[in-house]
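Source file: entry04.cif; contents: mmCIF, C-alpha atoms and all ligand atoms.
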```cif
data_work
loop_
_atom_site.label_atom_id
_atom_site.label_comp_id
_atom_site.auth_asym_id
_atom_site.auth_seq_id
_atom_site.Cartn_x
_atom_site.Cartn_y
_atom_site.Cartn_z
CA MET A 1 -4.60 58.87 -27.32
CA LYS A 2 -1.17 57.74 -26.14
CA PRO A 3 1.32 60.64 -26.34
CA ILE A 4 3.21 60.49 -29.64
CA GLN A 5 6.99 60.10 -29.55
CA MET A 6 9.50 60.02 -32.41
CA VAL A 7 10.44 56.50 -31.28
CA ASP A 8 8.36 54.63 -28.70
CA LEU A 9 10.58 52.05 -27.01
CA VAL A 10 8.28 51.47 -24.03
CA GLY A 11 5.57 49.44 -25.73
CA GLN A 12 8.13 47.26 -27.47
CA TYR A 13 9.88 46.54 -24.18
CA GLN A 14 6.61 45.70 -22.41
CA ARG A 15 5.96 42.85 -24.82
CA ILE A 16 9.31 41.13 -24.15
CA LYS A 17 9.77 42.22 -20.53
CA PRO A 18 9.62 38.78 -18.82
CA GLU A 19 12.01 37.26 -21.35
CA VAL A 20 14.45 40.17 -21.02
CA GLY A 21 14.30 40.04 -17.23
CA ALA A 22 15.12 36.33 -17.19
CA ALA A 23 17.98 36.75 -19.67
CA LEU A 24 19.56 39.57 -17.71
CA GLN A 25 19.31 37.57 -14.49
CA ARG A 26 20.95 34.61 -16.23
CA VAL A 27 23.92 36.75 -17.33
CA ILE A 28 24.33 38.34 -13.92
CA ASP A 29 24.20 34.94 -12.23
CA SER A 30 26.88 33.69 -14.62
CA THR A 31 29.06 36.81 -14.02
CA ALA A 32 30.43 36.30 -17.57
CA PHE A 33 29.97 40.00 -18.29
CA ILE A 34 32.58 40.33 -21.04
CA ASN A 35 33.15 37.86 -23.89
CA GLY A 36 30.70 35.45 -22.33
CA PRO A 37 28.78 32.81 -24.24
CA GLU A 38 25.90 35.25 -24.91
CA VAL A 39 28.13 37.32 -27.18
CA LYS A 40 29.34 34.29 -29.15
CA GLU A 41 25.79 32.95 -29.52
CA PHE A 42 24.49 36.34 -30.62
CA GLU A 43 27.26 36.65 -33.22
CA LYS A 44 26.34 33.22 -34.63
CA GLU A 45 22.62 33.95 -34.67
CA LEU A 46 23.06 37.36 -36.33
CA ALA A 47 25.41 35.86 -38.94
CA ALA A 48 22.82 33.19 -39.73
CA TYR A 49 20.02 35.76 -39.93
CA ASN A 50 22.00 38.02 -42.22
CA GLY A 51 23.54 35.40 -44.48
CA SER A 52 26.99 36.70 -43.52
CA LYS A 53 29.83 34.30 -42.78
CA HIS A 54 31.23 36.26 -39.83
CA VAL A 55 29.79 38.70 -37.32
CA ILE A 56 32.13 40.45 -34.89
CA ALA A 57 30.37 42.36 -32.14
CA CYS A 58 31.84 45.63 -30.90
CA ALA A 59 31.00 48.61 -28.72
CA ASN A 60 29.00 50.81 -31.11
CA GLY A 61 28.39 51.60 -34.76
CA THR A 62 30.96 54.38 -34.91
CA ASP A 63 33.69 52.04 -33.62
CA ALA A 64 32.58 49.45 -36.16
CA LEU A 65 33.30 51.86 -39.04
CA GLN A 66 36.67 52.82 -37.59
CA ILE A 67 37.66 49.20 -36.98
CA ALA A 68 36.70 48.32 -40.56
CA MET A 69 39.01 51.00 -41.95
CA MET A 70 41.85 50.03 -39.59
CA ALA A 71 41.52 46.35 -40.50
CA LEU A 72 41.72 47.18 -44.19
CA GLY A 73 44.95 49.10 -43.52
CA LEU A 74 43.64 52.45 -44.76
CA ARG A 75 46.19 55.15 -44.07
CA PRO A 76 46.62 58.93 -44.03
CA GLY A 77 46.64 60.16 -47.61
CA ASP A 78 44.14 57.52 -48.74
CA GLU A 79 40.72 58.68 -49.87
CA VAL A 80 37.35 57.21 -48.97
CA ILE A 81 34.26 58.14 -50.95
CA THR A 82 31.07 58.42 -48.94
CA ALA A 83 27.86 60.39 -48.63
CA SER A 84 27.65 63.85 -47.14
CA PHE A 85 23.95 63.27 -46.50
CA THR A 86 24.47 60.95 -43.51
CA PHE A 87 24.95 60.88 -39.78
CA VAL A 88 28.36 62.37 -39.04
CA ALA A 89 29.86 59.14 -37.64
CA THR A 90 30.54 57.85 -41.13
CA VAL A 91 32.74 60.83 -41.97
CA GLU A 92 34.18 61.35 -38.51
CA VAL A 93 36.05 58.05 -38.37
CA VAL A 94 37.54 58.65 -41.80
CA ALA A 95 38.87 62.00 -40.66
CA LEU A 96 40.05 60.61 -37.28
CA LEU A 97 42.27 58.11 -39.06
CA GLY A 98 43.78 60.90 -41.15
CA ILE A 99 42.09 59.55 -44.27
CA THR A 100 40.49 62.06 -46.61
CA PRO A 101 36.71 61.87 -46.86
CA VAL A 102 35.54 62.59 -50.40
CA PHE A 103 31.85 63.29 -50.76
CA ALA A 104 29.59 62.03 -53.52
CA ASP A 105 26.05 63.24 -54.06
CA VAL A 106 22.95 61.16 -53.45
CA LEU A 107 19.94 60.35 -55.59
CA PRO A 108 16.89 62.55 -55.01
CA GLY A 109 14.53 59.54 -54.78
CA THR A 110 16.17 57.08 -52.40
CA PHE A 111 18.61 59.55 -50.73
CA ASN A 112 21.33 56.93 -51.27
CA LEU A 113 24.71 57.40 -53.01
CA ASP A 114 24.59 58.12 -56.73
CA PRO A 115 26.90 55.55 -58.41
CA ALA A 116 27.63 57.93 -61.30
CA ASP A 117 28.89 60.57 -58.87
CA ILE A 118 30.98 58.00 -56.98
CA GLU A 119 32.73 57.17 -60.22
CA ARG A 120 33.39 60.86 -60.94
CA LYS A 121 35.05 61.24 -57.50
CA ILE A 122 37.53 58.36 -57.88
CA THR A 123 41.23 59.35 -57.96
CA PRO A 124 44.44 57.27 -57.79
CA LYS A 125 44.28 57.74 -53.98
CA THR A 126 40.80 56.28 -53.56
CA LYS A 127 40.84 53.08 -51.49
CA ALA A 128 37.27 52.50 -50.40
CA ILE A 129 33.62 53.40 -50.89
CA VAL A 130 31.31 53.62 -47.90
CA PRO A 131 27.66 53.51 -48.97
CA VAL A 132 25.23 54.39 -46.19
CA HIS A 133 21.91 52.55 -46.44
CA LEU A 134 20.03 55.63 -45.37
CA PHE A 135 16.72 55.51 -43.50
CA GLY A 136 16.28 51.76 -44.16
CA GLN A 137 16.86 51.13 -47.86
CA VAL A 138 19.91 49.49 -49.39
CA ALA A 139 21.98 51.67 -51.73
CA ASP A 140 22.49 50.57 -55.34
CA MET A 141 24.95 47.85 -54.32
CA GLU A 142 25.11 46.11 -57.69
CA ALA A 143 26.41 49.28 -59.32
CA ILE A 144 28.64 50.13 -56.36
CA MET A 145 30.25 46.67 -56.25
CA ALA A 146 30.84 46.85 -60.01
CA ILE A 147 32.60 50.23 -59.66
CA ALA A 148 34.65 48.88 -56.75
CA LYS A 149 35.71 45.83 -58.72
CA LYS A 150 36.66 47.88 -61.77
CA HIS A 151 38.87 50.23 -59.72
CA GLY A 152 40.14 47.75 -57.10
CA LEU A 153 38.39 49.40 -54.14
CA TYR A 154 36.97 48.08 -50.88
CA VAL A 155 33.31 48.57 -50.03
CA ILE A 156 32.25 49.08 -46.41
CA GLU A 157 28.46 49.18 -46.00
CA ASP A 158 27.29 51.49 -43.22
CA ASN A 159 24.29 49.38 -42.30
CA ALA A 160 23.36 51.19 -39.08
CA GLN A 161 19.92 52.10 -40.45
CA ALA A 162 18.94 49.20 -42.71
CA ILE A 163 19.50 45.96 -40.82
CA GLY A 164 16.96 43.43 -42.08
CA ALA A 165 16.49 45.05 -45.49
CA GLU A 166 16.88 42.84 -48.53
CA TYR A 167 18.54 43.74 -51.83
CA THR A 168 17.74 42.06 -55.14
CA PHE A 169 20.40 41.84 -57.86
CA SER A 170 19.45 41.98 -61.53
CA ASP A 171 19.86 38.19 -61.82
CA GLY A 172 17.26 37.74 -59.08
CA THR A 173 19.73 36.89 -56.29
CA LYS A 174 18.59 38.31 -52.96
CA ARG A 175 20.99 39.36 -50.21
CA LYS A 176 20.50 40.99 -46.84
CA SER A 177 21.93 44.46 -46.32
CA GLY A 178 25.37 44.17 -44.79
CA SER A 179 26.20 40.89 -46.53
CA ILE A 180 27.23 42.38 -49.88
CA GLY A 181 30.30 44.60 -49.36
CA HIS A 182 33.74 43.46 -48.16
CA ILE A 183 32.76 44.61 -44.66
CA ALA A 184 29.60 46.07 -43.16
CA SER A 185 29.05 47.89 -39.91
CA THR A 186 25.92 48.31 -37.84
CA SER A 187 24.77 49.96 -34.63
CA PHE A 188 22.57 48.67 -31.82
CA PHE A 189 21.88 52.14 -30.41
CA PRO A 190 18.49 51.85 -28.63
CA SER A 191 16.50 53.67 -31.33
CA LYS A 192 17.96 51.67 -34.24
CA ASN A 193 15.79 48.94 -35.77
CA LEU A 194 17.70 46.30 -33.79
CA GLY A 195 18.49 48.29 -30.68
CA CYS A 196 19.90 47.14 -27.35
CA TYR A 197 19.52 48.89 -23.98
CA GLY A 198 22.77 50.82 -24.15
CA ASP A 199 25.50 51.00 -26.77
CA GLY A 200 26.44 48.22 -29.15
CA GLY A 201 27.60 47.56 -32.67
CA ALA A 202 28.82 44.86 -35.01
CA LEU A 203 30.90 44.11 -38.10
CA PHE A 204 29.98 41.68 -40.87
CA THR A 205 32.16 40.03 -43.47
CA ASN A 206 32.21 36.94 -45.66
CA ASP A 207 36.03 36.92 -45.86
CA ASP A 208 37.91 34.76 -43.33
CA ASP A 209 41.09 36.82 -43.48
CA ILE A 210 39.25 40.12 -43.01
CA ALA A 211 37.28 38.59 -40.12
CA LYS A 212 40.52 37.69 -38.37
CA LYS A 213 41.85 41.22 -38.83
CA LEU A 214 38.61 42.78 -37.57
CA ARG A 215 38.68 40.65 -34.41
CA ARG A 216 42.31 41.54 -33.84
CA VAL A 217 41.73 45.30 -34.15
CA CYS A 218 38.75 45.10 -31.74
CA ASN A 219 40.94 43.30 -29.21
CA HIS A 220 43.90 45.70 -28.80
CA GLY A 221 45.52 44.42 -31.98
CA SER A 222 46.05 41.06 -30.36
CA GLU A 223 45.29 37.44 -31.21
CA VAL A 224 47.31 35.83 -28.45
CA ARG A 225 46.82 37.57 -25.15
CA TYR A 226 49.57 40.10 -24.32
CA TYR A 227 51.08 39.85 -27.82
CA HIS A 228 50.12 42.76 -30.07
CA GLU A 229 50.73 42.50 -33.80
CA VAL A 230 49.05 45.75 -34.82
CA VAL A 231 47.71 48.89 -33.20
CA GLY A 232 44.15 48.17 -32.15
CA VAL A 233 41.37 49.51 -29.99
CA ASN A 234 39.23 48.17 -27.17
CA SER A 235 35.74 47.71 -28.52
CA ARG A 236 33.43 45.06 -27.09
CA LEU A 237 29.73 44.32 -26.81
CA ASP A 238 28.94 43.30 -23.25
CA SER A 239 27.08 40.12 -22.40
CA LEU A 240 24.00 41.89 -20.99
CA GLN A 241 23.46 43.72 -24.28
CA ALA A 242 24.08 40.53 -26.25
CA ALA A 243 21.43 38.70 -24.22
CA ILE A 244 18.89 41.45 -24.99
CA LEU A 245 19.84 41.48 -28.67
CA ARG A 246 19.36 37.69 -28.94
CA ILE A 247 15.76 38.18 -27.84
CA LYS A 248 15.11 41.16 -30.09
CA LEU A 249 16.73 39.54 -33.15
CA LYS A 250 13.94 36.94 -33.11
CA HIS A 251 11.45 39.79 -33.53
CA LEU A 252 13.38 41.85 -36.09
CA ASP A 253 11.30 40.87 -39.12
CA GLU A 254 8.07 41.46 -37.24
CA TYR A 255 9.40 44.87 -36.15
CA GLY A 256 10.10 45.64 -39.82
CA ALA A 257 6.55 44.63 -40.75
CA ALA A 258 5.11 46.93 -38.06
CA ARG A 259 7.17 49.83 -39.40
CA ASN A 260 5.99 49.07 -42.92
CA ARG A 261 2.36 49.12 -41.75
CA ALA A 262 2.84 52.62 -40.32
CA ALA A 263 4.62 53.71 -43.52
CA ALA A 264 1.76 52.41 -45.67
CA PHE A 265 -0.73 54.35 -43.55
CA TYR A 266 1.30 57.54 -44.07
CA ASP A 267 1.72 56.90 -47.82
CA ASP A 268 -1.98 56.41 -48.26
CA ALA A 269 -2.95 59.51 -46.27
CA PHE A 270 -0.55 61.83 -48.15
CA LYS A 271 -1.42 60.65 -51.65
CA GLY A 272 -1.91 63.51 -54.10
CA MET A 273 -0.64 66.29 -51.82
CA GLU A 274 1.17 69.01 -53.73
CA HIS A 275 4.03 69.77 -51.33
CA VAL A 276 4.33 66.50 -49.41
CA HIS A 277 6.39 63.83 -51.17
CA THR A 278 6.34 60.42 -49.56
CA PRO A 279 9.45 58.18 -49.51
CA VAL A 280 10.37 56.76 -52.90
CA ARG A 281 10.81 52.99 -52.81
CA SER A 282 13.95 51.67 -54.42
CA GLY A 283 13.21 49.12 -57.12
CA THR A 284 15.95 46.85 -55.76
CA SER A 285 15.60 46.99 -51.97
CA THR A 286 12.95 46.38 -49.37
CA HIS A 287 12.52 49.23 -46.88
CA VAL A 288 12.78 48.74 -43.12
CA PHE A 289 11.84 52.35 -42.34
CA HIS A 290 14.42 53.30 -39.78
CA GLN A 291 12.96 56.72 -40.62
CA TYR A 292 9.87 57.72 -42.54
CA THR A 293 11.17 60.83 -44.27
CA LEU A 294 9.09 63.21 -46.34
CA ARG A 295 10.33 65.81 -48.76
CA VAL A 296 8.35 68.97 -48.13
CA THR A 297 8.58 71.41 -51.03
CA GLY A 298 7.44 74.99 -51.58
CA GLY A 299 9.47 76.23 -48.62
CA HIS A 300 6.93 74.74 -46.19
CA ARG A 301 9.17 72.33 -44.29
CA ASP A 302 9.99 74.44 -41.23
CA GLY A 303 6.42 75.78 -40.97
CA LEU A 304 5.02 72.24 -41.08
CA LYS A 305 7.47 71.10 -38.41
CA ALA A 306 6.42 73.92 -36.07
CA HIS A 307 2.73 73.20 -36.77
CA LEU A 308 3.19 69.51 -35.96
CA GLU A 309 5.03 70.25 -32.73
CA ALA A 310 2.31 72.68 -31.66
CA HIS A 311 -0.17 69.82 -32.06
CA GLY A 312 1.75 67.21 -30.08
CA VAL A 313 3.46 65.57 -33.04
CA PRO A 314 7.25 65.42 -32.84
CA ALA A 315 9.11 65.66 -36.16
CA MET A 316 12.83 65.69 -36.83
CA ILE A 317 15.16 66.92 -39.54
CA TYR A 318 17.66 64.22 -40.46
CA TYR A 319 19.95 65.98 -41.35
CA PRO A 320 19.77 69.78 -41.17
CA VAL A 321 23.40 70.33 -42.26
CA SER A 322 25.19 67.87 -44.52
CA CYS A 323 28.71 66.78 -43.60
CA HIS A 324 30.51 68.74 -46.34
CA LEU A 325 29.11 71.99 -44.91
CA GLN A 326 29.85 71.17 -41.26
CA HIS A 327 32.52 73.36 -39.72
CA ALA A 328 34.65 70.32 -38.85
CA TYR A 329 34.63 68.83 -42.36
CA LYS A 330 34.40 71.79 -44.73
CA GLY A 331 36.99 71.81 -47.47
CA ASP A 332 37.88 73.12 -50.87
CA ARG A 333 37.00 69.86 -52.52
CA SER A 334 33.29 70.08 -51.76
CA PRO A 335 32.37 73.76 -51.48
CA GLU A 336 28.80 74.90 -51.01
CA GLY A 337 26.86 74.18 -54.19
CA SER A 338 28.97 71.16 -55.14
CA LEU A 339 26.46 68.53 -53.96
CA PRO A 340 23.17 70.00 -55.18
CA VAL A 341 20.87 67.08 -54.33
CA THR A 342 22.31 66.71 -50.83
CA GLU A 343 21.97 70.44 -50.20
CA GLN A 344 18.39 70.54 -51.46
CA LEU A 345 17.44 67.56 -49.28
CA THR A 346 18.72 69.28 -46.14
CA ARG A 347 16.19 72.03 -46.88
CA GLU A 348 13.27 69.68 -47.61
CA VAL A 349 13.44 66.54 -45.47
CA LEU A 350 11.21 65.97 -42.48
CA SER A 351 10.98 62.69 -40.60
CA LEU A 352 7.71 61.74 -38.93
CA PRO A 353 7.33 59.54 -35.85
CA MET A 354 8.24 55.96 -36.70
CA SER A 355 8.39 52.95 -34.42
CA THR A 356 6.94 49.49 -33.98
CA GLU A 357 4.29 50.88 -31.63
CA LEU A 358 2.31 53.50 -33.60
CA ASP A 359 -1.41 52.76 -33.45
CA ASN A 360 -4.16 53.88 -35.83
CA GLU A 361 -5.38 56.61 -33.50
CA GLN A 362 -1.91 58.17 -33.38
CA LEU A 363 -1.37 57.76 -37.13
CA THR A 364 -4.73 59.36 -37.83
CA HIS A 365 -3.82 62.33 -35.63
CA ILE A 366 -0.39 62.72 -37.26
CA THR A 367 -1.68 62.57 -40.82
CA ALA A 368 -4.65 64.86 -40.10
CA THR A 369 -2.25 67.39 -38.54
CA VAL A 370 -0.01 67.32 -41.62
CA LYS A 371 -3.02 67.85 -43.89
CA GLY A 372 -4.46 70.54 -41.59
CA PHE A 373 -1.35 72.65 -42.13
CA PHE A 374 -1.98 72.88 -45.86
CA ASN A 375 -5.74 73.56 -45.65
C1 LIG A 401 23.68 55.50 -35.70
C2 LIG A 401 24.58 55.58 -36.85
C3 LIG A 401 25.96 55.38 -36.73
C4 LIG A 401 26.67 55.28 -35.41
O1 LIG A 401 26.25 54.33 -34.53
P1 LIG A 401 26.56 54.50 -32.97
O2 LIG A 401 26.23 53.15 -32.42
O3 LIG A 401 25.69 55.57 -32.44
O4 LIG A 401 28.01 54.81 -32.82
C5 LIG A 401 26.73 55.36 -37.88
N1 LIG A 401 26.19 55.57 -39.08
C6 LIG A 401 24.87 55.79 -39.24
C7 LIG A 401 24.33 56.01 -40.61
C8 LIG A 401 24.03 55.82 -38.13
O5 LIG A 401 22.71 56.05 -38.31
#
```
As structure tokens, please, write out the structure in this file.
Amino acid sequence: MKPIQMVDLVGQYQRIKPEVGAALQRVIDSTAFINGPEVKEFEKELAAYNGSKHVIACANGTDALQIAMMALGLRPGDEVITASFTFVATVEVVALLGITPVFADVLPGTFNLDPADIERKITPKTKAIVPVHLFGQVADMEAIMAIAKKHGLYVIEDNAQAIGAEYTFSDGTKRKSGSIGHIASTSFFPSKNLGCYGDGGALFTNDDDIAKKLRRVCNHGSEVRYYHEVVGVNSRLDSLQAAILRIKLKHLDEYGAARNRAAAFYDDAFKGMEHVHTPVRSGTSTHVFHQYTLRVTGGHRDGLKAHLEAHGVPAMIYYPVSCHLQHAYKGDRSPEGSLPVTEQLTREVLSLPMSTELDNEQLTHITATVKGFFN
């Protein structure tokens, strides 16, 4: 059996190696390392794939979130409602800009923001909602957009984990994740579903004016070189990464299908287990399985993790401590106990290996090891 890794990037690379090699050589020969044609072409191709009018590439997914908030003119004193059950980047950029992060709880099934709790957390200072499409499923965007419209708020989708997922509105309209809010951000970190071979990120919007502002913030607050209208940052995707991403974008749907095959194998194997709860599928979103995350009840999570590791199966806890209980972000507004679902999930979640490369032999070993722990 091939050794099992949380994410196996080697096999995926092997299958596109000649194409990647040629693309990298082409960029190096051109010496257009920054803002070259590869970046422009990639932006166009990703916009077309996603059904978004504009894509603006940048340096990473954390920058993308920060740039979105800067472009919208969010300021110290403003409040942004987001999940506490997320990777810290979402909350970090809010705090860095002096904006107040306000945490809403998530739903126990999909792990995504609970629209009812968002609405409870709105105050006159609230300016934006940042839903995180956690682990590969789109949050309840129809409800979130309706709340935003009612209260005059912006919506920034943190789409770092769900690129390629599709959301269906109640009237049957289908939209790709990241094409629904006023702005969306994503990350091309190597282990993300659309990962490059270094750091990368992008912003999405359907609004021409917002697109212009996003581009300006990315480029030192400048539209005309050496003239700076606003305070900006330097955040760019380089041409080598763009060339790799153009190749991988063509395979993104097939990568999603491979992840879904592994997820179906897991689902089937764990059916009927008392303490192992397989991921709940949202009724409105496809799942691209950035993570395959179990809820392990009965206090068995940590024991199962240790058992798996002892048998050559890596497993990870995303996330062991939610943001509102992190030392850096603790506050009176969300004391311990205030987000009960989030806090329970941090005690129960366990993510199993997930990648495009898992074969049946590995999946059989993983699932047998999980079952062996409970026998
Ligand atoms: C990965 C990730 C980010 C940050 O992306 P980077 O490219 O690593 O900066 C932000 N939000 C979520 C939910 C993520 O998973």
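One finds CA of Gly195 (chain A) at 11.1 Å from CA of Tyr255 (chain A).
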- Task: Please extract the residues at most 10 Å from ligand LIG 401 (chain A), counting all atoms listed in the file, and provide them as a ChimeraX atom specification, using the chain letters and residue numbers of this document.
- Result: /A:58-65,83,85-93,131-136,157-162,185-192,195,198-202,290,318
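Among the candidates A:Glu166, A:Asp268, A:Glu343, A:Asp208, the residue lying nearest to Met141 (chain A) is A:Glu166 (atoms considered: all atoms listed in the file).
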- Two-atom distance - CA of Val233 (chain A), CA of Val102 (chain A) (Å): 24.9 Å
- Query: So which residues touch region 26-37 of chain A within 10 Å, counting all atoms listed in the file, skipping near sequence neighbours fewer than 5 positions away, as an NGL selection string?
  - Reply: :A and (20-21 or 42-43 or 57 or 236-243)
- Query: Between CA of Ile317 (chain A) and CA of Pro353 (chain A), what is the distance, to one decimal in Å?
  - Reply: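 Calculated distance between CA of Ile317 (chain A) and CA of Pro353 (chain A) is 11.4 Å.
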- Message: Which residue is closest to Glu274 (chain A)? Choose from A:Leu214, A:Val370, A:Val296, A:Cys196 and count all atoms listed in the file.
- Response: A:Val296
- Task: Would you list the contacts of Thr297 (chain A) as a ChimeraX atom specification, taking every protein, DNA or RNA residue within 7 Å and counting only C-alpha atoms, but skipping same-chain residues closer than 4 positions in sequence?
- Result: /A:275-276,301,348
Can I get the selection written as a PDB file, in the coordinates of the input, with C-alpha atoms?
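See part10.pdb below for the written result:
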```
ATOM      1  CA  HIS A 275       4.030  69.770 -51.330  1.00  0.00           C
ATOM      2  CA  VAL A 276       4.330  66.500 -49.410  1.00  0.00           C
ATOM      3  CA  ARG A 301       9.170  72.330 -44.290  1.00  0.00           C
ATOM      4  CA  GLU A 348      13.270  69.680 -47.610  1.00  0.00           C
TER       5      GLU A 348
END
```
- Item | Which residue of A:Ile244, A:Arg347, A:Tyr266, A:Gly98 approaches Pro18 (chain A) most closely, using all atoms listed in the file | A:Ile244
- Pick the closest to Thr110 (chain A) from A:Lys212, A:Lys250, A:Lys371, A:Arg295: which is it, counting only C-alpha atoms?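 Counting only C-alpha atoms, the residue closest to Thr110 (chain A) is A:Arg295.
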- Query: Which residue, A:His182, A:His307, A:His220, A:His365, has the smallest gap to Lys149 (chain A) when you use all atoms listed in the file?
  - Reply: A:His182
- Message: as a list in words, please: the residues near Met316 (chain A) (cut-off 10 Å, all atoms listed in the file, same-chain neighbours under 4 positions excluded).
- Response: Met6, Gln291, Thr293, Lys305, Glu309, Pro320, Val349, Leu350, Ser351, Leu352 and Pro353 of chain A
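With distances restricted to all atoms listed in the file, A:Thr168 is the closest residue to Ser282 (chain A) from A:Asn234, A:Gln12, A:Thr168, A:Pro115.
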Close residues, region 203-206 of chain A itself excluded, 6 Å, only C-alpha atoms, min 6 positions apart in chain, as a PDB file with C-alpha atoms, in the coordinates of the input:
```
ATOM      1  CA  SER A  52      26.990  36.700 -43.520  1.00  0.00           C
ATOM      2  CA  LYS A  53      29.830  34.300 -42.780  1.00  0.00           C
ATOM      3  CA  HIS A  54      31.230  36.260 -39.830  1.00  0.00           C
ATOM      4  CA  VAL A  55      29.790  38.700 -37.320  1.00  0.00           C
ATOM      5  CA  ILE A  56      32.130  40.450 -34.890  1.00  0.00           C
ATOM      6  CA  ALA A  64      32.580  49.450 -36.160  1.00  0.00           C
ATOM      7  CA  ILE A 183      32.760  44.610 -44.660  1.00  0.00           C
ATOM      8  CA  ALA A 184      29.600  46.070 -43.160  1.00  0.00           C
ATOM      9  CA  SER A 185      29.050  47.890 -39.910  1.00  0.00           C
TER      10      SER A 185
END
```
Is it possible to add N, CA and C atoms to region 207-222 of chain A and hand it back as a PDB file, in the frame of the given file?
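Output (out-v3.pdb):
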```pdb
ATOM      1  N   ASP A 207      34.634  37.237 -45.556  1.00  0.00           N
ATOM      2  CA  ASP A 207      36.030  36.920 -45.860  1.00  0.00           C
ATOM      3  C   ASP A 207      36.751  36.509 -44.563  1.00  0.00           C
ATOM      4  N   ASP A 208      37.282  35.289 -44.551  1.00  0.00           N
ATOM      5  CA  ASP A 208      37.910  34.760 -43.330  1.00  0.00           C
ATOM      6  C   ASP A 208      39.098  35.604 -42.877  1.00  0.00           C
ATOM      7  N   ASP A 209      39.901  36.048 -43.830  1.00  0.00           N
ATOM      8  CA  ASP A 209      41.090  36.820 -43.480  1.00  0.00           C
ATOM      9  C   ASP A 209      40.696  38.190 -42.898  1.00  0.00           C
ATOM     10  N   ILE A 210      39.710  38.824 -43.530  1.00  0.00           N
ATOM     11  CA  ILE A 210      39.250  40.120 -43.010  1.00  0.00           C
ATOM     12  C   ILE A 210      38.628  39.928 -41.624  1.00  0.00           C
ATOM     13  N   ALA A 211      37.902  38.846 -41.431  1.00  0.00           N
ATOM     14  CA  ALA A 211      37.280  38.590 -40.120  1.00  0.00           C
ATOM     15  C   ALA A 211      38.340  38.513 -39.025  1.00  0.00           C
ATOM     16  N   LYS A 212      39.438  37.831 -39.339  1.00  0.00           N
ATOM     17  CA  LYS A 212      40.520  37.690 -38.370  1.00  0.00           C
ATOM     18  C   LYS A 212      41.108  39.065 -38.026  1.00  0.00           C
ATOM     19  N   LYS A 213      41.294  39.875 -39.065  1.00  0.00           N
ATOM     20  CA  LYS A 213      41.850  41.220 -38.830  1.00  0.00           C
ATOM     21  C   LYS A 213      40.900  42.088 -38.024  1.00  0.00           C
ATOM     22  N   LEU A 214      39.592  41.982 -38.312  1.00  0.00           N
ATOM     23  CA  LEU A 214      38.610  42.780 -37.570  1.00  0.00           C
ATOM     24  C   LEU A 214      38.643  42.406 -36.081  1.00  0.00           C
ATOM     25  N   ARG A 215      38.650  41.103 -35.806  1.00  0.00           N
ATOM     26  CA  ARG A 215      38.680  40.650 -34.410  1.00  0.00           C
ATOM     27  C   ARG A 215      39.931  41.137 -33.694  1.00  0.00           C
ATOM     28  N   ARG A 216      41.041  41.119 -34.427  1.00  0.00           N
ATOM     29  CA  ARG A 216      42.310  41.540 -33.840  1.00  0.00           C
ATOM     30  C   ARG A 216      42.280  43.033 -33.505  1.00  0.00           C
ATOM     31  N   VAL A 217      41.774  43.852 -34.426  1.00  0.00           N
ATOM     32  CA  VAL A 217      41.730  45.300 -34.150  1.00  0.00           C
ATOM     33  C   VAL A 217      40.832  45.568 -32.937  1.00  0.00           C
ATOM     34  N   CYS A 218      39.673  44.905 -32.874  1.00  0.00           N
ATOM     35  CA  CYS A 218      38.750  45.100 -31.740  1.00  0.00           C
ATOM     36  C   CYS A 218      39.425  44.799 -30.411  1.00  0.00           C
ATOM     37  N   ASN A 219      40.345  43.841 -30.434  1.00  0.00           N
ATOM     38  CA  ASN A 219      40.940  43.300 -29.210  1.00  0.00           C
ATOM     39  C   ASN A 219      42.374  43.796 -29.038  1.00  0.00           C
ATOM     40  N   HIS A 220      42.575  45.107 -29.036  1.00  0.00           N
ATOM     41  CA  HIS A 220      43.900  45.700 -28.800  1.00  0.00           C
ATOM     42  C   HIS A 220      44.956  45.223 -29.787  1.00  0.00           C
ATOM     43  N   GLY A 221      44.539  44.854 -30.977  1.00  0.00           N
ATOM     44  CA  GLY A 221      45.520  44.420 -31.980  1.00  0.00           C
ATOM     45  C   GLY A 221      46.164  43.094 -31.653  1.00  0.00           C
ATOM     46  N   SER A 222      45.439  42.276 -30.896  1.00  0.00           N
ATOM     47  CA  SER A 222      46.050  41.060 -30.360  1.00  0.00           C
ATOM     48  C   SER A 222      45.241  39.813 -30.711  1.00  0.00           C
TER      49      SER A 222
END
```
